[in-house]
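**Student:** Next up, work21.pdb (PDB, C-alpha atoms).
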ATOM      1  CA  MET A   1     -32.123  27.824 137.943
ATOM      2  CA  GLY A   2     -32.418  24.774 135.733
ATOM      3  CA  GLU A   3     -32.335  24.650 131.986
ATOM      4  CA  GLN A   4     -35.736  25.102 130.318
ATOM      5  CA  LYS A   5     -36.921  22.170 128.218
ATOM      6  CA  PRO A   6     -38.022  22.830 124.623
ATOM      7  CA  ASP A   7     -41.553  21.524 125.193
ATOM      8  CA  GLN A   8     -42.292  23.880 128.078
ATOM      9  CA  LYS A   9     -44.729  26.731 127.416
ATOM     10  CA  ASN A  10     -42.145  29.472 127.090
ATOM     11  CA  GLY A  11     -39.590  27.347 125.230
ATOM     12  CA  ASN A  12     -38.626  27.899 121.616
ATOM     13  CA  GLY A  13     -39.277  24.253 120.726
ATOM     14  CA  ARG A  14     -43.035  24.673 121.008
ATOM     15  CA  ASP A  15     -43.042  27.825 118.899
ATOM     16  CA  ARG A  16     -40.920  26.075 116.294
ATOM     17  CA  ARG A  17     -43.274  23.078 116.191
ATOM     18  CA  ALA A  18     -46.256  25.404 115.795
ATOM     19  CA  LYS A  19     -44.540  27.204 112.905
ATOM     20  CA  ILE A  20     -43.704  23.899 111.215
ATOM     21  CA  GLU A  21     -47.314  22.729 111.555
ATOM     22  CA  ALA A  22     -48.608  26.034 110.155
ATOM     23  CA  LEU A  23     -46.210  25.707 107.212
ATOM     24  CA  LYS A  24     -47.410  22.139 106.546
ATOM     25  CA  GLU A  25     -51.025  23.329 106.590
ATOM     26  CA  ARG A  26     -50.259  26.157 104.129
ATOM     27  CA  LYS A  27     -48.458  23.731 101.810
ATOM     28  CA  ALA A  28     -51.358  21.271 101.941
ATOM     29  CA  GLU A  29     -53.828  24.059 101.184
ATOM     30  CA  LYS A  30     -51.742  25.312  98.253
ATOM     31  CA  ALA A  31     -51.548  21.790  96.841
ATOM     32  CA  THR A  32     -55.333  21.811  96.359
ATOM     33  CA  ARG A  33     -55.283  24.892  94.102
ATOM     34  CA  PRO A  34     -56.012  24.195  90.412
ATOM     35  CA  ASP A  35     -52.837  26.008  89.295
ATOM     36  CA  THR A  36     -50.591  23.913  91.548
ATOM     37  CA  PHE A  37     -48.601  20.770  90.780
ATOM     38  CA  VAL A  38     -47.100  18.489  93.395
ATOM     39  CA  VAL A  39     -43.729  17.186  92.246
ATOM     40  CA  TYR A  40     -41.539  14.598  93.903
ATOM     41  CA  SER A  41     -37.946  15.439  93.142
ATOM     42  CA  ARG A  42     -35.432  12.635  93.239
ATOM     43  CA  VAL A  43     -32.431  14.466  91.792
ATOM     44  CA  PRO A  44     -30.924  17.920  92.375
ATOM     45  CA  GLU A  45     -31.542  18.921  88.752
ATOM     46  CA  THR A  46     -35.293  18.726  89.286
ATOM     47  CA  VAL A  47     -35.057  20.976  92.316
ATOM     48  CA  ARG A  48     -32.908  23.520  90.450
ATOM     49  CA  VAL A  49     -35.256  23.677  87.467
ATOM     50  CA  LEU A  50     -38.258  24.148  89.720
ATOM     51  CA  GLN A  51     -36.450  26.794  91.757
ATOM     52  CA  VAL A  52     -35.835  28.828  88.591
ATOM     53  CA  PHE A  53     -39.573  29.268  88.296
ATOM     54  CA  GLU A  54     -40.396  29.275  91.985
ATOM     55  CA  ARG A  55     -38.000  32.135  92.712
ATOM     56  CA  GLY A  56     -39.780  34.701  90.579
ATOM     57  CA  GLY A  57     -39.569  33.112  87.162
ATOM     58  CA  ASP A  58     -43.215  32.090  86.932
ATOM     59  CA  TYR A  59     -44.407  35.453  88.210
ATOM     60  CA  GLY A  60     -41.982  37.371  85.979
ATOM     61  CA  ILE A  61     -43.021  35.509  82.832
ATOM     62  CA  THR A  62     -46.705  35.954  83.699
ATOM     63  CA  LYS A  63     -46.235  39.674  84.321
ATOM     64  CA  LEU A  64     -44.323  40.075  81.044
ATOM     65  CA  ARG A  65     -47.031  38.286  79.050
ATOM     66  CA  LYS A  66     -49.829  40.297  80.628
ATOM     67  CA  GLY A  67     -47.999  43.583  80.023
ATOM     68  CA  LEU A  68     -46.882  42.769  76.490
ATOM     69  CA  ALA A  69     -47.412  45.754  74.155
ATOM     70  CA  ILE A  70     -48.998  47.684  77.016
ATOM     71  CA  ARG A  71     -46.206  48.080  79.500
ATOM     72  CA  TYR A  72     -43.316  46.307  77.782
ATOM     73  CA  GLU A  73     -42.100  46.779  74.219
ATOM     74  CA  ALA A  74     -42.822  43.787  72.019
ATOM     75  CA  GLY A  75     -39.359  44.090  70.466
ATOM     76  CA  LYS A  76     -37.788  43.451  73.868
ATOM     77  CA  ALA A  77     -40.379  41.124  75.380
ATOM     78  CA  LEU A  78     -40.984  38.658  72.542
ATOM     79  CA  PRO A  79     -37.319  37.595  72.195
ATOM     80  CA  LEU A  80     -37.198  36.940  75.950
ATOM     81  CA  LEU A  81     -40.352  34.834  75.832
ATOM     82  CA  GLU A  82     -38.943  32.904  72.852
ATOM     83  CA  GLU A  83     -35.710  32.325  74.794
ATOM     84  CA  VAL A  84     -37.705  30.810  77.676
ATOM     85  CA  ALA A  85     -39.711  28.667  75.230
ATOM     86  CA  GLN A  86     -36.530  27.486  73.521
ATOM     87  CA  ALA A  87     -34.925  26.578  76.849
ATOM     88  CA  THR A  88     -38.069  24.627  77.759
ATOM     89  CA  ARG A  89     -37.952  22.722  74.461
ATOM     90  CA  GLN A  90     -34.238  21.982  74.898
ATOM     91  CA  LEU A  91     -34.783  20.676  78.411
ATOM     92  CA  SER A  92     -37.671  18.501  77.253
ATOM     93  CA  GLU A  93     -35.609  17.138  74.350
ATOM     94  CA  ALA A  94     -32.712  16.287  76.695
ATOM     95  CA  VAL A  95     -35.058  14.539  79.124
ATOM     96  CA  ALA A  96     -36.628  12.599  76.231
ATOM     97  CA  LYS A  97     -33.147  11.371  75.198
ATOM     98  CA  VAL A  98     -32.304  10.306  78.769
ATOM     99  CA  CYS A  99     -35.602   8.444  79.099
ATOM    100  CA  LYS A 100     -35.086   6.708  75.757
ATOM    101  CA  LEU A 101     -31.606   5.570  76.786
ATOM    102  CA  VAL A 102     -32.808   4.107  80.092
ATOM    103  CA  ASP A 103     -36.057   2.745  78.591
ATOM    104  CA  VAL A 104     -38.416   4.945  80.601
ATOM    105  CA  GLU A 105     -41.592   6.290  79.029
ATOM    106  CA  TYR A 106     -41.497  10.084  78.676
ATOM    107  CA  ASN A 107     -44.684  12.039  78.202
ATOM    108  CA  PRO A 108     -43.740  15.613  77.336
ATOM    109  CA  PRO A 109     -45.932  18.442  78.548
ATOM    110  CA  PRO A 110     -48.722  19.734  76.290
ATOM    111  CA  GLY A 111     -47.358  21.757  73.391
ATOM    112  CA  LEU A 112     -44.192  19.723  73.105
ATOM    113  CA  GLY A 113     -43.960  16.846  70.650
ATOM    114  CA  LYS A 114     -43.313  13.163  71.211
ATOM    115  CA  ASN A 115     -39.530  13.618  71.385
ATOM    116  CA  GLY A 116     -39.705  16.669  73.620
ATOM    117  CA  GLY A 117     -39.414  19.178  70.774
ATOM    118  CA  PRO A 118     -42.135  21.397  69.355
ATOM    119  CA  GLU A 119     -45.255  19.656  68.134
ATOM    120  CA  LYS A 120     -45.528  19.468  64.378
ATOM    121  CA  LYS A 121     -48.891  20.701  63.251
ATOM    122  CA  THR A 122     -50.535  18.621  60.566
ATOM    123  CA  LYS A 123     -52.919  19.967  57.980
ATOM    124  CA  GLU A 124     -56.436  18.720  58.354
TER     125      GLU A 124
END
How does this structure look as structure tokens?
**Tutor:**
Amino acid sequence: MGEQKPDQKNGNGRDRRAKIEALKERKAEKATRPDTFVVYSRVPETVRVLQVFERGGDYGITKLRKGLAIRYEAGKALPLLEEVAQATRQLSEAVAKVCKLVDVEYNPPPGLGKNGGPEKKTKE
């Protein structure tokens, strides 16, 4: 008997292509959700930072916030949330410094100030 080609009906190649297409469709559908951001990563650091949240971080932080003082003690939960906020500020500040050095405009996310640190509230 001859070797079966991947594009034949019973071959694994066709199943693999179908799975890849289904994955692409799911990704495209998810990209249309209002709570989704599409990010082009050009450096490994971007991928690593996103993977921190993608691999349970986002869900864990959300679950902790929703269960604060109901399911989780505030004395334990609030310091953890502050640690995440501080790490976010530090990352933003470092990125702001890099962008300044290479003369690239940096627009920090909402809630973080012009230089990547916390926004200073002004009295009105």
**Student:** For the structure shown, which residues end up in the PyMOL selection byres ((chain A and resi 76-86) around 10)? Put them as a list in words, please?
**Tutor:** Gly57, Ile61, Leu64, Arg65, Gly67, Leu68, Ala69, Arg71, Tyr72, Glu73, Ala74, Gly75, Ala87, Thr88, Arg89, Gln90, Leu91, Ser92, Gly117 and Pro118 of chain A
**Student:** List as a PyMOL selection string the protein and nucleic acid residues near segment 95-98 of chain A, meaning an atom at most 12 Å away when all atoms listed in the file are counted, but skip any in the same chain fewer than 3 places from it.
**Tutor:** chain A and resi 45-46+88-92+101-109+112-117
**Student:** What does the distance from atom CA of Ile70 of chain A to atom CA of Thr36 of chain A come to in Å, to one decimal?
**Tutor:**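 Going from atom CA of Ile70 of chain A over to atom CA of Thr36 of chain A covers 27.9 Å.
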**Student:** Counting only C-alpha atoms, which of A:Arg42, A:Ala18, A:Phe37, A:Cys99 gets nearest to Glu54 of chain A?
**Tutor:**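 Ranked by minimum distance to Glu54 of chain A, first place goes to A:Phe37.
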**Student:** Mind pulling up the distance from atom CA of Asp35 of chain A to atom CA of Lys66 of chain A?
**Tutor:** 17.0 Å
**Student:** How far is it from atom CA of Glu29 of chain A to atom CA of Val43 of chain A, in Å with one decimal?
**Tutor:** 25.3 Å
